[in-house]
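S.K.: Supplied in structure tokens, the structure appears directly below.
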Amino acid sequence: MVETHFDSDETPTASPQLSNKELFDAAKTVIPGGVDSPVRAYGNVGGVPRFIESAGQALVRDVEGQIYVDLVGSWGPALLGHCHPEVVEAVKKAAEAGLSFGAPTASETRLAQAVQERVPCAEKLRFVSTGTEATMTAIRLARGATNRDLLVKFAGCYHGHSDSLLAEAGSGVATAGLPGSAGVTEGTSKDTIVIPYGDTEALRAVFEQRGNEIAAVITEAAPANMGVITPPEGFNQAIREITSEHGALMIFDEVLTGFRVSPSGYWGYEALGEKAATNPSCSIAAYTPDIFTFGKVIGGGMPLAAVGGRAEYMDLLAPLGPVYQAGTLSGNPLATAAGLATLELATPLMYERINSVSSVLRSNLAQTLQAEGVPFAINNAGNLFSLFLGEAPAEHGVHNYEQAKAQNTDAYRAFFHAMLDEGIYLPPSPFEAWFVSSAHTDENVGAILDAFGPAARAAAQAL
Ligand SMILES: *Cc1c(COP(=O)(O)O)cnc(C)c1O
């Protein structure tokens, strides 16, 4: 079942004699919480995080030699699974030519062109290293373009960890149950207006009051950091209309959804529909944001992200315009090589595979939970999906952050650990999406379906 990748004598074994627990204890003495990104610490589900040693296709192996079917996928980048040979080859080749130059390279232009073929309204792009930088730049750009200060965001949407975006953010902020973050000044907080996701009336009301002060509305194309929320019909379009009426910009954060839910991201999936794969043209789109942000898949597992949009705005960036932005490692040649190889392999057929696996998992999960009498809601936005356990989600559905917080996290904890015991690696938080890759084989899918039964029974007991 497992590729020779794991069997090879050459596979480096970082620390053969140390267990996950020993490594976690050691990590905690030198790294806060033992991790470099909070959700990895298993705070919400308890237990000891698995220290991953290697991965191949849809499998990850921890330092104790346990192999898991992976539904985290590095939180999104592993669209093709781990270590796709062509991606690895591209990175190796780039590495042999030099790790970083701090000078322009041809592959940045090629990647920008590849993105533009899929999302033509990203007329110009600037590459950065993280999604956080991309959204931060997008906001600075919107403020520079409009000469306005205020930013509107939706509760539960996560846009990275820059100061102005941490108010009522999703992802790790949600997992930790925090309203925001210490260390963010009052001045910064007061420039961010937070309203409930999906609430067009609240958005209109905010614009009626302060429309001429609002630089931009930032939204996740489809929220996937408070669990997955399906955008209500017409909501993204309403954001477009309201911002246009008031001279504010629409920032569409596709860091997670971009190149995952369709070749043209969620914008393609929703605003273009069938045409997303064959004819991604802006002129036929139901709506077009001013600025997009991309990350995760665009770097194929390497640190890469991008901000892109209408040329008239993008050209405000230095060196052409007055909005400053820079980065020593921006557009790194290894990262752009990985991104290009990944996008080349992300064919319509590949998306079909991911969509069909996602749909099999969702329907089987629903059947199993029903059979075991576990109340739940499963939300999806294209092939992205997540599970909310408990009476409240089952009764009212989950359409916003308040409802996402009303799920039963104890039940997820039990569900998560039962899945882990069965060899399935889920996100260690109920506020995260499940990530399917095109490397998930039928056998991997079978293993996941087999694990749903015990996991559903564990959840039933916890309720
Ligand atoms: C992951 C994510 C970010 C932040 O990206 P990083 O690379 O982790 O900084 C921003 N927006 C969304 C929607 C994300 O999912």
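Quick note on naming: the chains in the structure tokens go A, B, ... in the order shown, residues restart at 1 in each chain, and ligands are numbered from 1 in order of appearance.
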Pull the closest atom pair for each residue of chain A that gets at most 8 Å from ligand 1, along with the distance in Å to one decimal, counting only C-alpha atoms and all ligand atoms, ordering rows by chain and then ascending residue number, as a Markdown table.
M.R.:
| residue | atom | partner | partner_atom_place_in_ligand_line | distance |
| --- | --- | --- | --- | --- |
| A:Trp75 | CA | ligand 1 | 1 (C) | 7.5 |
| A:Ser129 | CA | ligand 1 | 7 (O) | 7.3 |
| A:Thr130 | CA | ligand 1 | 7 (O) | 3.8 |
| A:Gly131 | CA | ligand 1 | 5 (O) | 3.2 |
| A:Thr132 | CA | ligand 1 | 9 (O) | 3.6 |
| A:Glu133 | CA | ligand 1 | 9 (O) | 6.5 |
| A:Ala134 | CA | ligand 1 | 10 (C) | 7.8 |
| A:Thr135 | CA | ligand 1 | 10 (C) | 6.7 |
| A:Cys157 | CA | ligand 1 | 13 (C) | 7.1 |
| A:Tyr158 | CA | ligand 1 | 12 (C) | 5.4 |
| A:His159 | CA | ligand 1 | 11 (N) | 3.5 |
| A:Gly160 | CA | ligand 1 | 4 (C) | 3.7 |
| A:His161 | CA | ligand 1 | 9 (O) | 6.8 |
| A:Ser171 | CA | ligand 1 | 15 (O) | 7.8 |
| A:Glu220 | CA | ligand 1 | 13 (C) | 5.3 |
| A:Ala221 | CA | ligand 1 | 13 (C) | 7.7 |
| A:Pro223 | CA | ligand 1 | 13 (C) | 7.1 |
| A:Ala224 | CA | ligand 1 | 15 (O) | 6.8 |
| A:Asn225 | CA | ligand 1 | 15 (O) | 6.2 |
| A:Asp253 | CA | ligand 1 | 13 (C) | 5.5 |
| A:Glu254 | CA | ligand 1 | 13 (C) | 5.9 |
| A:Val255 | CA | ligand 1 | 12 (C) | 4.7 |
| A:Leu256 | CA | ligand 1 | 15 (O) | 4.2 |
| A:Thr257 | CA | ligand 1 | 13 (C) | 7.3 |
| A:Thr293 | CA | ligand 1 | 11 (N) | 7.8 |
| A:Gly295 | CA | ligand 1 | 7 (O) | 6.0 |
| A:Lys296 | CA | ligand 1 | 7 (O) | 6.4 |
| A:Pro303 | CA | ligand 1 | 7 (O) | 7.3 |
| A:Leu304 | CA | ligand 1 | 7 (O) | 7.6 |
| A:Ala305 | CA | ligand 1 | 7 (O) | 6.9 |
S.K.: Could you take the residues named above and write them with N, CA, C and O atoms, as a short mmCIF file (atom, residue, chain, number, x, y, z; two decimals), in the first residue's frame?
M.R.:
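Saved file selection10.cif follows:
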data_model
loop_
_atom_site.label_atom_id
_atom_site.label_comp_id
_atom_site.auth_asym_id
_atom_site.auth_seq_id
_atom_site.Cartn_x
_atom_site.Cartn_y
_atom_site.Cartn_z
N TRP A 75 -2.60 21.48 5.84
CA TRP A 75 -3.62 22.53 5.93
C TRP A 75 -3.93 23.13 4.57
O TRP A 75 -4.27 24.31 4.46
N SER A 129 5.63 35.41 0.85
CA SER A 129 5.94 34.08 1.38
C SER A 129 4.81 33.42 2.16
O SER A 129 4.77 32.21 2.29
N THR A 130 3.89 34.22 2.71
CA THR A 130 2.81 33.64 3.51
C THR A 130 1.47 34.32 3.19
O THR A 130 1.44 35.48 2.73
N GLY A 131 0.41 33.60 3.49
CA GLY A 131 -0.92 34.16 3.32
C GLY A 131 -1.11 35.41 4.17
O GLY A 131 -1.80 36.36 3.77
N THR A 132 -0.52 35.40 5.35
CA THR A 132 -0.60 36.56 6.23
C THR A 132 -0.07 37.82 5.53
O THR A 132 -0.69 38.88 5.56
N GLU A 133 1.07 37.68 4.90
CA GLU A 133 1.64 38.82 4.16
C GLU A 133 0.73 39.25 3.02
O GLU A 133 0.61 40.43 2.70
N ALA A 134 0.12 38.27 2.37
CA ALA A 134 -0.73 38.58 1.21
C ALA A 134 -1.93 39.43 1.64
O ALA A 134 -2.22 40.47 1.02
N THR A 135 -2.61 39.03 2.72
CA THR A 135 -3.79 39.79 3.15
C THR A 135 -3.38 41.14 3.73
O THR A 135 -4.06 42.15 3.51
N CYS A 157 -13.97 34.56 10.21
CA CYS A 157 -13.08 34.45 9.04
C CYS A 157 -11.65 34.68 9.51
O CYS A 157 -11.38 35.57 10.31
N TYR A 158 -10.75 33.86 8.98
CA TYR A 158 -9.33 33.97 9.32
C TYR A 158 -8.57 34.46 8.10
O TYR A 158 -8.77 33.94 7.00
N HIS A 159 -7.75 35.47 8.31
CA HIS A 159 -6.97 36.01 7.19
C HIS A 159 -5.49 36.11 7.55
O HIS A 159 -4.79 37.00 7.07
N GLY A 160 -5.03 35.22 8.41
CA GLY A 160 -3.65 35.31 8.84
C GLY A 160 -3.55 36.08 10.14
O GLY A 160 -4.56 36.52 10.69
N HIS A 161 -2.32 36.28 10.62
CA HIS A 161 -2.17 36.79 11.99
C HIS A 161 -1.68 38.23 12.06
O HIS A 161 -1.07 38.64 13.05
N SER A 171 -9.72 29.82 12.69
CA SER A 171 -8.53 28.97 12.78
C SER A 171 -8.06 28.83 14.22
O SER A 171 -8.85 28.58 15.11
N GLU A 220 -13.35 35.65 3.37
CA GLU A 220 -12.89 34.38 2.81
C GLU A 220 -13.85 34.05 1.67
O GLU A 220 -15.07 34.18 1.83
N ALA A 221 -13.32 33.62 0.55
CA ALA A 221 -14.16 33.31 -0.61
C ALA A 221 -15.27 32.36 -0.17
O ALA A 221 -16.45 32.54 -0.52
N PRO A 223 -15.80 30.65 3.76
CA PRO A 223 -15.13 30.50 5.05
C PRO A 223 -14.79 29.03 5.32
O PRO A 223 -15.62 28.15 5.12
N ALA A 224 -13.56 28.80 5.75
CA ALA A 224 -13.13 27.42 6.02
C ALA A 224 -12.23 27.37 7.24
O ALA A 224 -11.53 26.39 7.44
N ASN A 225 -12.24 28.43 8.03
CA ASN A 225 -11.41 28.48 9.23
C ASN A 225 -12.24 28.56 10.51
O ASN A 225 -11.70 28.82 11.59
N ASP A 253 -10.31 36.67 -0.15
CA ASP A 253 -9.23 35.85 0.37
C ASP A 253 -9.41 34.40 -0.07
O ASP A 253 -10.25 33.67 0.45
N GLU A 254 -8.61 34.01 -1.05
CA GLU A 254 -8.64 32.64 -1.58
C GLU A 254 -7.38 31.88 -1.17
O GLU A 254 -6.97 30.96 -1.87
N VAL A 255 -6.78 32.28 -0.05
CA VAL A 255 -5.56 31.59 0.38
C VAL A 255 -5.84 30.09 0.55
O VAL A 255 -5.02 29.26 0.18
N LEU A 256 -7.00 29.78 1.09
CA LEU A 256 -7.31 28.36 1.32
C LEU A 256 -8.06 27.72 0.16
O LEU A 256 -7.82 26.58 -0.21
N THR A 257 -8.98 28.47 -0.44
CA THR A 257 -9.84 27.91 -1.49
C THR A 257 -9.20 27.95 -2.87
O THR A 257 -9.56 27.16 -3.75
N THR A 293 -6.35 37.22 -2.75
CA THR A 293 -5.13 36.72 -2.12
C THR A 293 -5.10 35.21 -2.30
O THR A 293 -6.14 34.54 -2.24
N GLY A 295 -2.62 31.50 -1.50
CA GLY A 295 -1.57 30.92 -0.66
C GLY A 295 -1.69 29.42 -0.74
O GLY A 295 -2.25 28.89 -1.69
N LYS A 296 -1.19 28.73 0.25
CA LYS A 296 -1.35 27.27 0.35
C LYS A 296 -1.07 26.54 -0.97
O LYS A 296 0.09 26.35 -1.29
N PRO A 303 6.89 27.79 1.06
CA PRO A 303 6.33 29.07 1.52
C PRO A 303 6.14 30.04 0.35
O PRO A 303 7.10 30.62 -0.14
N LEU A 304 4.90 30.16 -0.08
CA LEU A 304 4.59 31.06 -1.18
C LEU A 304 3.13 31.50 -1.09
O LEU A 304 2.27 30.70 -0.75
N ALA A 305 2.88 32.76 -1.38
CA ALA A 305 1.52 33.29 -1.42
C ALA A 305 1.55 34.45 -2.39
O ALA A 305 2.61 34.83 -2.89
#
S.K.: Which residues in segment 61-92 of chain A does DSSP call alpha helix (DSSP H)? List them as a VMD selection string.
M.R.: chain A and resid 85 to 92
S.K.: List as JSON, numbers by chain the protein and nucleic acid residues near Ala455 of chain A, meaning an atom at most 7 Å away when only C-alpha atoms are counted, but skip any in the same chain fewer than 2 places from it.
M.R.: {"A": [415, 418, 419, 451, 452, 453, 457, 458, 459]}
S.K.: Using atom CA of Thr441 of chain A and atom CA of Ala414 of chain A as the two end points, give the distance in Å to one decimal.
M.R.: 26.1 Å
S.K.: Please provide the set of residues having any atom within 7 Å of Ile424 of chain A, restricted to only C-alpha atoms, with same-chain residues fewer than 3 positions apart removed, written as a PyMOL selection string.
M.R.: chain A and resi 68-70+419-420+448
S.K.: With a distance cut-off of 12 Å and only C-alpha atoms, select the neighbouring residues of Gly187 of chain A, excluding the residue or stretch itself and same-chain residues fewer than 2 positions from it, and output the selection as a list in words.
M.R.: Asp149, Leu150, Asp163, Ser164, Gly183, Val184, Thr185, Ser189, Lys190, Asp191 and Thr192 of chain A
S.K.: Save the residues we just selected, all heavy atoms, as an mmCIF file, in the first residue's frame?
M.R.:
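The new file selection_24.cif reads:
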data_model
loop_
_atom_site.group_PDB
_atom_site.id
_atom_site.type_symbol
_atom_site.label_atom_id
_atom_site.label_comp_id
_atom_site.auth_asym_id
_atom_site.auth_seq_id
_atom_site.Cartn_x
_atom_site.Cartn_y
_atom_site.Cartn_z
ATOM 1 N N ASP A 149 -9.491 54.512 6.135
ATOM 2 C CA ASP A 149 -8.843 53.690 7.159
ATOM 3 C C ASP A 149 -9.574 52.393 7.485
ATOM 4 O O ASP A 149 -8.953 51.402 7.849
ATOM 5 C CB ASP A 149 -8.736 54.485 8.475
ATOM 6 C CG ASP A 149 -7.734 55.626 8.357
ATOM 7 O OD1 ASP A 149 -6.956 55.622 7.377
ATOM 8 O OD2 ASP A 149 -7.751 56.509 9.225
ATOM 9 N N LEU A 150 -10.907 52.418 7.411
ATOM 10 C CA LEU A 150 -11.650 51.313 8.006
ATOM 11 C C LEU A 150 -11.655 50.047 7.150
ATOM 12 O O LEU A 150 -11.638 50.103 5.920
ATOM 13 C CB LEU A 150 -13.103 51.711 8.268
ATOM 14 C CG LEU A 150 -13.353 52.821 9.286
ATOM 15 C CD1 LEU A 150 -14.860 53.000 9.488
ATOM 16 C CD2 LEU A 150 -12.670 52.494 10.607
ATOM 17 N N ASP A 163 -2.041 42.216 12.715
ATOM 18 C CA ASP A 163 -2.784 42.849 13.810
ATOM 19 C C ASP A 163 -4.250 43.134 13.504
ATOM 20 O O ASP A 163 -5.138 42.747 14.251
ATOM 21 C CB ASP A 163 -2.104 44.168 14.222
ATOM 22 C CG ASP A 163 -0.826 43.920 15.022
ATOM 23 O OD1 ASP A 163 -0.456 42.741 15.179
ATOM 24 O OD2 ASP A 163 -0.221 44.902 15.475
ATOM 25 N N SER A 164 -4.492 43.818 12.387
ATOM 26 C CA SER A 164 -5.849 44.313 12.171
ATOM 27 C C SER A 164 -6.812 43.183 11.825
ATOM 28 O O SER A 164 -8.019 43.383 11.774
ATOM 29 C CB SER A 164 -5.855 45.370 11.067
ATOM 30 O OG SER A 164 -5.358 44.820 9.870
ATOM 31 N N GLY A 183 -1.633 42.327 22.553
ATOM 32 C CA GLY A 183 -0.572 42.937 21.761
ATOM 33 C C GLY A 183 -1.074 43.679 20.546
ATOM 34 O O GLY A 183 -0.283 44.206 19.778
ATOM 35 N N VAL A 184 -2.381 43.714 20.354
ATOM 36 C CA VAL A 184 -2.944 44.505 19.251
ATOM 37 C C VAL A 184 -3.448 45.811 19.851
ATOM 38 O O VAL A 184 -4.236 45.797 20.799
ATOM 39 C CB VAL A 184 -4.097 43.748 18.549
ATOM 40 C CG1 VAL A 184 -4.736 44.624 17.484
ATOM 41 C CG2 VAL A 184 -3.584 42.450 17.931
ATOM 42 N N THR A 185 -3.002 46.942 19.324
ATOM 43 C CA THR A 185 -3.349 48.218 19.949
ATOM 44 C C THR A 185 -4.816 48.573 19.716
ATOM 45 O O THR A 185 -5.439 48.100 18.762
ATOM 46 C CB THR A 185 -2.498 49.376 19.388
ATOM 47 O OG1 THR A 185 -2.824 49.529 17.997
ATOM 48 C CG2 THR A 185 -1.018 49.106 19.551
ATOM 49 N N SER A 189 -7.412 48.058 16.517
ATOM 50 C CA SER A 189 -8.709 47.383 16.641
ATOM 51 C C SER A 189 -9.855 48.278 16.191
ATOM 52 O O SER A 189 -10.820 47.817 15.598
ATOM 53 C CB SER A 189 -8.965 46.942 18.083
ATOM 54 O OG SER A 189 -7.877 46.211 18.553
ATOM 55 N N LYS A 190 -9.738 49.579 16.490
ATOM 56 C CA LYS A 190 -10.890 50.437 16.191
ATOM 57 C C LYS A 190 -11.049 50.689 14.688
ATOM 58 O O LYS A 190 -12.074 51.173 14.246
ATOM 59 C CB LYS A 190 -10.832 51.737 17.000
ATOM 60 C CG LYS A 190 -9.924 52.806 16.424
ATOM 61 C CD LYS A 190 -10.138 54.117 17.159
ATOM 62 C CE LYS A 190 -9.175 55.212 16.704
ATOM 63 N NZ LYS A 190 -8.637 55.141 15.350
ATOM 64 N N ASP A 191 -10.039 50.346 13.922
ATOM 65 C CA ASP A 191 -10.157 50.469 12.467
ATOM 66 C C ASP A 191 -10.741 49.215 11.812
ATOM 67 O O ASP A 191 -10.879 49.155 10.594
ATOM 68 C CB ASP A 191 -8.787 50.767 11.845
ATOM 69 C CG ASP A 191 -8.371 52.215 12.075
ATOM 70 O OD1 ASP A 191 -9.266 53.056 12.291
ATOM 71 O OD2 ASP A 191 -7.160 52.495 12.039
ATOM 72 N N THR A 192 -11.016 48.184 12.622
ATOM 73 C CA THR A 192 -11.595 46.958 12.075
ATOM 74 C C THR A 192 -13.018 46.795 12.579
ATOM 75 O O THR A 192 -13.263 46.763 13.781
ATOM 76 C CB THR A 192 -10.766 45.720 12.511
ATOM 77 O OG1 THR A 192 -9.398 45.948 12.192
ATOM 78 C CG2 THR A 192 -11.253 44.467 11.785
#
S.K.: Per residue of segment 63-158 of chain A within 12 Å of segment 48-53 of chain A, record the nearest atom pair and its distance in Å to one decimal, counting only C-alpha atoms, with rows in chain order and ascending residue number, as a tab-separated table.
M.R.:
residue	atom	partner	partner_atom	distance
A:Val63	CA	A:Glu53	CA	5.4
A:Glu64	CA	A:Phe51	CA	8.5
A:Gly65	CA	A:Glu53	CA	8.5
A:Gln66	CA	A:Arg50	CA	9.3
A:Ile67	CA	A:Ile52	CA	9.6
A:Tyr68	CA	A:Ile52	CA	10.1
A:Asp70	CA	A:Ile52	CA	11.1
A:Ser74	CA	A:Ile52	CA	11.0
S.K.: Hey, can you spit out that residue selection with N, CA, C and O atoms as a tab-separated table (two decimals), in the first residue's frame?
M.R.:
chain	number	residue	atom	x	y	z
A	63	VAL	N	7.11	9.66	14.03
A	63	VAL	CA	8.43	9.18	14.45
A	63	VAL	C	8.38	7.80	15.09
A	63	VAL	O	9.41	7.15	15.24
A	64	GLU	N	7.16	7.36	15.49
A	64	GLU	CA	7.06	6.02	16.08
A	64	GLU	C	6.79	4.96	15.02
A	64	GLU	O	6.57	3.80	15.33
A	65	GLY	N	6.75	5.41	13.75
A	65	GLY	CA	6.54	4.45	12.67
A	65	GLY	C	5.08	4.21	12.34
A	65	GLY	O	4.75	3.40	11.48
A	66	GLN	N	4.17	4.91	13.02
A	66	GLN	CA	2.73	4.78	12.70
A	66	GLN	C	2.44	5.52	11.41
A	66	GLN	O	2.90	6.64	11.21
A	67	ILE	N	1.65	4.87	10.56
A	67	ILE	CA	1.29	5.49	9.29
A	67	ILE	C	-0.20	5.86	9.32
A	67	ILE	O	-1.03	5.08	9.76
A	68	TYR	N	-0.49	7.08	8.91
A	68	TYR	CA	-1.86	7.58	8.92
A	68	TYR	C	-2.30	8.01	7.53
A	68	TYR	O	-1.49	8.56	6.77
A	70	ASP	N	-3.88	10.80	5.62
A	70	ASP	CA	-3.83	12.21	5.99
A	70	ASP	C	-4.99	13.01	5.40
A	70	ASP	O	-5.15	13.06	4.17
A	74	SER	N	-1.16	19.28	5.12
A	74	SER	CA	-0.41	20.49	5.43
A	74	SER	C	-1.32	21.71	5.51
A	74	SER	O	-0.91	22.83	5.26
S.K.: Measuring between only C-alpha atoms, which one of A:Val173, A:Ala26, A:Ala439, A:Val152 shows the shortest distance to Gly211 of chain A?
M.R.: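 Checking each candidate against Gly211 of chain A, we get A:Val152 as the closest.
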S.K.: Compare A:Asp199, A:Glu241, A:Glu186, A:Glu432 by their minimum atom-to-atom distance to Gly76 of chain A, counting only C-alpha atoms, and give me the closest one.
M.R.: A:Glu432
S.K.: Excluding same-chain residues fewer than 3 positions from Leu59 of chain A, what lies within 10 Å of it counting only C-alpha atoms, as a list of chain:residue names?
M.R.: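 My reading of the contact set: A:Met1, A:Val2, A:Glu3, A:Phe6, A:Ser54, A:Ala55, A:Gly56, A:Ile67, A:Tyr68, A:Val69, A:Asp70, A:Leu71, A:Gly73, A:Gly81, A:His82, A:Gly423, A:Ile424, A:Tyr425, A:Ala439, A:His440, A:Asn444.
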S.K.: Next, the residues of the selection above should be written as an mmCIF file, in the first residue's frame with N, CA, C and O atoms.
M.R.:
data_model
loop_
_atom_site.group_PDB
_atom_site.id
_atom_site.type_symbol
_atom_site.label_atom_id
_atom_site.label_comp_id
_atom_site.auth_asym_id
_atom_site.auth_seq_id
_atom_site.Cartn_x
_atom_site.Cartn_y
_atom_site.Cartn_z
ATOM 1 N N MET A 1 0.838 -1.197 0.000
ATOM 2 C CA MET A 1 0.000 0.000 0.000
ATOM 3 C C MET A 1 0.871 1.244 0.000
ATOM 4 O O MET A 1 0.659 2.179 -0.751
ATOM 5 N N VAL A 2 1.886 1.235 0.827
ATOM 6 C CA VAL A 2 2.726 2.420 0.932
ATOM 7 C C VAL A 2 3.840 2.358 -0.097
ATOM 8 O O VAL A 2 4.449 1.324 -0.292
ATOM 9 N N GLU A 3 4.075 3.471 -0.729
ATOM 10 C CA GLU A 3 5.150 3.552 -1.709
ATOM 11 C C GLU A 3 6.494 3.257 -1.050
ATOM 12 O O GLU A 3 6.672 3.451 0.141
ATOM 13 N N PHE A 6 8.600 4.962 2.037
ATOM 14 C CA PHE A 6 8.742 4.692 3.465
ATOM 15 C C PHE A 6 9.700 3.527 3.741
ATOM 16 O O PHE A 6 10.243 3.424 4.813
ATOM 17 N N SER A 54 7.943 11.676 7.847
ATOM 18 C CA SER A 54 7.944 11.693 6.385
ATOM 19 C C SER A 54 6.524 11.481 5.885
ATOM 20 O O SER A 54 5.627 11.120 6.653
ATOM 21 N N ALA A 55 6.351 11.714 4.601
ATOM 22 C CA ALA A 55 5.033 11.572 4.003
ATOM 23 C C ALA A 55 5.185 11.169 2.550
ATOM 24 O O ALA A 55 6.217 11.419 1.919
ATOM 25 N N GLY A 56 4.164 10.516 2.035
ATOM 26 C CA GLY A 56 4.146 10.166 0.620
ATOM 27 C C GLY A 56 2.706 9.962 0.201
ATOM 28 O O GLY A 56 1.911 9.378 0.943
ATOM 29 N N ILE A 67 1.651 4.868 10.563
ATOM 30 C CA ILE A 67 1.288 5.490 9.289
ATOM 31 C C ILE A 67 -0.199 5.863 9.321
ATOM 32 O O ILE A 67 -1.032 5.075 9.756
ATOM 33 N N TYR A 68 -0.489 7.077 8.910
ATOM 34 C CA TYR A 68 -1.861 7.578 8.921
ATOM 35 C C TYR A 68 -2.296 8.011 7.527
ATOM 36 O O TYR A 68 -1.491 8.558 6.771
ATOM 37 N N VAL A 69 -3.573 7.810 7.222
ATOM 38 C CA VAL A 69 -4.155 8.433 6.027
ATOM 39 C C VAL A 69 -4.422 9.888 6.398
ATOM 40 O O VAL A 69 -5.107 10.171 7.387
ATOM 41 N N ASP A 70 -3.884 10.799 5.619
ATOM 42 C CA ASP A 70 -3.832 12.214 5.988
ATOM 43 C C ASP A 70 -4.987 13.010 5.396
ATOM 44 O O ASP A 70 -5.149 13.063 4.171
ATOM 45 N N LEU A 71 -5.776 13.636 6.271
ATOM 46 C CA LEU A 71 -6.819 14.546 5.785
ATOM 47 C C LEU A 71 -6.540 15.990 6.208
ATOM 48 O O LEU A 71 -7.442 16.822 6.256
ATOM 49 N N GLY A 73 -3.300 17.443 5.001
ATOM 50 C CA GLY A 73 -2.644 17.902 3.771
ATOM 51 C C GLY A 73 -1.863 19.187 3.959
ATOM 52 O O GLY A 73 -1.921 20.077 3.115
ATOM 53 N N GLY A 81 -1.365 15.444 -2.879
ATOM 54 C CA GLY A 81 -0.768 14.526 -1.924
ATOM 55 C C GLY A 81 0.670 14.958 -1.669
ATOM 56 O O GLY A 81 1.107 16.007 -2.140
ATOM 57 N N HIS A 82 1.369 14.135 -0.882
ATOM 58 C CA HIS A 82 2.733 14.494 -0.486
ATOM 59 C C HIS A 82 3.750 13.959 -1.485
ATOM 60 O O HIS A 82 3.599 12.862 -2.019
ATOM 61 N N GLY A 423 -6.039 5.047 12.501
ATOM 62 C CA GLY A 423 -5.037 5.374 11.479
ATOM 63 C C GLY A 423 -5.439 6.480 10.524
ATOM 64 O O GLY A 423 -4.912 6.577 9.421
ATOM 65 N N ILE A 424 -6.371 7.336 10.971
ATOM 66 C CA ILE A 424 -6.786 8.456 10.117
ATOM 67 C C ILE A 424 -6.419 9.771 10.813
ATOM 68 O O ILE A 424 -6.809 10.011 11.961
ATOM 69 N N TYR A 425 -5.711 10.611 10.080
ATOM 70 C CA TYR A 425 -5.187 11.856 10.642
ATOM 71 C C TYR A 425 -6.082 13.016 10.219
ATOM 72 O O TYR A 425 -6.020 13.504 9.093
ATOM 73 N N ALA A 439 -4.216 12.269 -4.343
ATOM 74 C CA ALA A 439 -3.443 11.044 -4.093
ATOM 75 C C ALA A 439 -4.201 10.052 -3.223
ATOM 76 O O ALA A 439 -3.732 8.934 -3.007
ATOM 77 N N HIS A 440 -5.359 10.444 -2.703
ATOM 78 C CA HIS A 440 -6.149 9.491 -1.911
ATOM 79 C C HIS A 440 -6.658 8.375 -2.819
ATOM 80 O O HIS A 440 -7.477 8.616 -3.706
ATOM 81 N N ASN A 444 -7.253 4.052 0.436
ATOM 82 C CA ASN A 444 -7.209 5.066 1.494
ATOM 83 C C ASN A 444 -8.626 5.480 1.890
ATOM 84 O O ASN A 444 -8.942 5.612 3.074
#
S.K.: For the contact check between segment 200-283 of chain A and segment 373-380 of chain A, emit one row per residue of segment 200-283 of chain A within 9 Å, containing the shortest atom pair and the distance in Å rounded to one decimal, counting only C-alpha atoms, chain then rising number order, as CSV.
M.R.:
residue,atom,partner,partner_atom,distance
A:Gly227,CA,A:Asn379,CA,8.0
A:Val228,CA,A:Asn379,CA,5.8
A:Ile229,CA,A:Asn379,CA,6.1
A:Thr230,CA,A:Asn380,CA,5.9
S.K.: So that I have them on file, write out the residues from the current selection with C-alpha atoms, as a PDB file, in the first residue's frame.
M.R.:
ATOM      1  CA  GLY A 227     -15.152  24.884  10.038  1.00  0.00           C
ATOM      2  CA  VAL A 228     -16.519  25.200   6.533  1.00  0.00           C
ATOM      3  CA  ILE A 229     -19.423  27.578   5.935  1.00  0.00           C
ATOM      4  CA  THR A 230     -21.255  27.493   2.629  1.00  0.00           C
TER       5      THR A 230
END
S.K.: Excluding Pro38 of chain A and any residue of its chain fewer than 6 positions from it, enumerate the residues within 9 Å of it, using only C-alpha atoms, and give them as a list in words.
M.R.: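 Counting only C-alpha atoms, the residues come to Gly172, Val173, Thr175 and Ala176 of chain A.
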S.K.: Quick one: write out the picked residues with all heavy atoms as a CSV table (one decimal), in the first residue's frame?
M.R.:
chain,number,residue,atom,x,y,z
A,172,GLY,N,-6.7,29.0,14.5
A,172,GLY,CA,-6.2,28.8,15.8
A,172,GLY,C,-6.8,29.8,16.8
A,172,GLY,O,-6.9,29.4,18.0
A,173,VAL,N,-7.2,31.0,16.4
A,173,VAL,CA,-7.8,31.9,17.3
A,173,VAL,C,-9.2,31.3,17.8
A,173,VAL,O,-9.5,31.4,19.0
A,173,VAL,CB,-8.1,33.3,16.7
A,173,VAL,CG1,-8.5,34.3,17.7
A,173,VAL,CG2,-6.8,33.8,16.0
A,175,THR,N,-9.9,28.0,17.7
A,175,THR,CA,-9.6,26.8,18.5
A,175,THR,C,-9.3,27.1,19.9
A,175,THR,O,-9.7,26.4,20.8
A,175,THR,CB,-8.4,26.1,17.8
A,175,THR,OG1,-8.8,25.9,16.4
A,175,THR,CG2,-8.1,24.8,18.5
A,176,ALA,N,-8.6,28.2,20.1
A,176,ALA,CA,-8.2,28.6,21.5
A,176,ALA,C,-9.3,29.4,22.2
A,176,ALA,O,-9.1,29.7,23.4
A,176,ALA,CB,-6.9,29.5,21.4
S.K.: I need the strand (DSSP E or B) residues of segment 98-147 of chain A per DSSP on the backbone, written as a short mmCIF file (atom, residue, chain, number, x, y, z; two decimals) with N, CA, C and O atoms, in the first residue's frame.
M.R.:
data_model
loop_
_atom_site.label_atom_id
_atom_site.label_comp_id
_atom_site.auth_asym_id
_atom_site.auth_seq_id
_atom_site.Cartn_x
_atom_site.Cartn_y
_atom_site.Cartn_z
N LYS A 124 -2.47 41.63 -12.36
CA LYS A 124 -1.06 41.64 -11.93
C LYS A 124 -0.97 40.98 -10.57
O LYS A 124 -1.94 41.02 -9.79
N LEU A 125 0.18 40.39 -10.29
CA LEU A 125 0.36 39.68 -9.03
C LEU A 125 1.67 40.07 -8.38
O LEU A 125 2.63 40.40 -9.07
N ARG A 126 1.68 40.02 -7.07
CA ARG A 126 2.95 40.18 -6.35
C ARG A 126 3.09 38.97 -5.44
O ARG A 126 2.16 38.65 -4.68
N PHE A 127 4.22 38.26 -5.53
CA PHE A 127 4.42 37.08 -4.70
C PHE A 127 5.05 37.45 -3.37
O PHE A 127 5.95 38.30 -3.30
N VAL A 128 4.56 36.78 -2.33
CA VAL A 128 5.09 36.93 -0.98
C VAL A 128 5.29 35.52 -0.43
O VAL A 128 5.14 34.55 -1.18
#
